[in-house]
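Trainee: Quick one: structure below, then a few questions.
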Amino acid sequence: MARGQKASNDELLMDSDLAAAFLNDDDGVVVDTPAPAPADDQAWEEDSANDMPGQLAVDVYETVDRLFVKARTAGVNKQDLDVSISDGVLTISGTLSAGDEGDVEQWHIQECYWGDFSRTIALPIPVKEEEVEAMLKDGVLTIGFTKVKQEQARKIEIR
């Protein structure tokens with residue numbers, strides 16, 4: 001159908017036809033796919049909350065001679081942060097505690113993430129791992145690395 005033309009009802013695929021179009025194998029036979037099991041949202045939320053740490057969002061950028069990694073860590077104490085680097089891979093992990101909520105009878109809204117978090121990223125450029133500064137200020141963790149200067153290509157004389 002050409003762009004801008006209006007399709008008639010006869011030309012439109014119905015949902016079942018559209019699904020069949022994607023579920024056909026190479027011989028034109030419709031592949032039978034089992035219906036997904038009903039989800040038990042509460043069980044999934046409880047399992048995933050216990051198994052996976054939250055993922056920390058980061059910004060990574062560079063200036064002429066430095067590489068920076070910034071992460072919002074509002075509410076995290078310096079003692080609850082662990083920052084390490086090995087072979088160009090930076091890991092930031094920690095715990096965000098909500099405080100004592102033992103007397104809560106019922107939550108009405110709970111949108112904030114509380115608990116362990118972690119983020120591991122391969123740095124995009126070579127850095128001097130021994131020349132690093134980390135600072136936590138106003139809920140923002142900033143890690144600065146000195147970049148390894150890449151030597152300019154030099155001309156090799158052929159004899």
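Residues are referred to by chain and number: the chain letter is A, B, ... according to the order shown in the structure tokens, the number counts from 1 in that chain, and ligands are numbered separately from 1 in the order shown.
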Can you list, as a list in words, every residue of segment 60-104 of chain A that DSSP puts in strand (DSSP E)?

Mentor: Val60, Tyr61, Glu62, Arg66, Leu67, Phe68, Val69, Lys70, Ala71, Arg72, Leu81, Asp82, Val83, Ser84, Ile85, Ser86, Val89, Leu90, Thr91, Ile92, Ser93, Gly94, Thr95 and Leu96 of chain A

Trainee: Near segment 69-73 of chain A, counting only C-alpha atoms, which residues have an atom at most 8 Å away, once you skip same-chain residues fewer than 2 positions from it, shown as a ChimeraX atom specification?

Mentor: /A:56-61,67,75-76,139-144

Trainee: Using C-alpha atoms, can you write the selected residues to a file as a PDB file, in the first residue's frame?

Mentor:
```
ATOM      1  CA  LEU A  56      22.648   2.425  40.026  1.00  0.00           C
ATOM      2  CA  ALA A  57      22.232   4.957  37.198  1.00  0.00           C
ATOM      3  CA  VAL A  58      25.485   6.640  36.148  1.00  0.00           C
ATOM      4  CA  ASP A  59      26.761   9.399  33.871  1.00  0.00           C
ATOM      5  CA  VAL A  60      30.181   8.879  32.259  1.00  0.00           C
ATOM      6  CA  TYR A  61      31.935  11.747  30.489  1.00  0.00           C
ATOM      7  CA  LEU A  67      37.311  10.775  32.826  1.00  0.00           C
ATOM      8  CA  GLY A  75      20.553   9.024  51.225  1.00  0.00           C
ATOM      9  CA  VAL A  76      23.573   6.716  51.158  1.00  0.00           C
ATOM     10  CA  GLY A 139      24.014  13.043  47.316  1.00  0.00           C
ATOM     11  CA  VAL A 140      26.168  12.791  44.184  1.00  0.00           C
ATOM     12  CA  LEU A 141      29.160  10.449  44.012  1.00  0.00           C
ATOM     13  CA  THR A 142      31.779  11.768  41.582  1.00  0.00           C
ATOM     14  CA  ILE A 143      34.755   9.629  40.628  1.00  0.00           C
ATOM     15  CA  GLY A 144      37.499  11.263  38.564  1.00  0.00           C
TER      16      GLY A 144
END
```

Trainee: If I take atom CA of Gln150 of chain A and atom CA of Ile125 of chain A, how far is one from the other in Å, to one decimal?

Mentor: 10.0 Å

Trainee: Leaving out segment 84-96 of chain A and any residue of its chain fewer than 3 positions from it, which residues lie within 9 Å of it when counting only C-alpha atoms, given as a list in words?

Mentor: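 Using only C-alpha atoms, the neighbours found are Leu56, Thr73, Ala74, Gly75, Val76, Asn77, Gln79, Asp80, Leu81, Tyr113, Trp114, Gly115, Asp116, Phe117, Ser118, Arg119, Thr120, Ile121, Ala122, Leu123, Pro124, Ile125, Pro126, Val127 and Glu129 of chain A.
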
Trainee: So how far away is atom CA of Thr63 of chain A from atom CA of Lys149 of chain A, in Å?

Mentor: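 It comes out at 12.5 Å.
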
Trainee: Which value, in Å to one decimal, gives the distance between atom CA of Thr146 of chain A and atom CA of Glu131 of chain A?

Mentor: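 Answer for the atom CA of Thr146 of chain A to atom CA of Glu131 of chain A separation: 5.9 Å.
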
Trainee: Counting only C-alpha atoms, which residue out of A:Val104, A:Val148, A:Cys112, A:Val83 sits closest to Lys128 of chain A?

Mentor: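 Residue with the minimum atom-to-atom distance to Lys128 of chain A: A:Val148.
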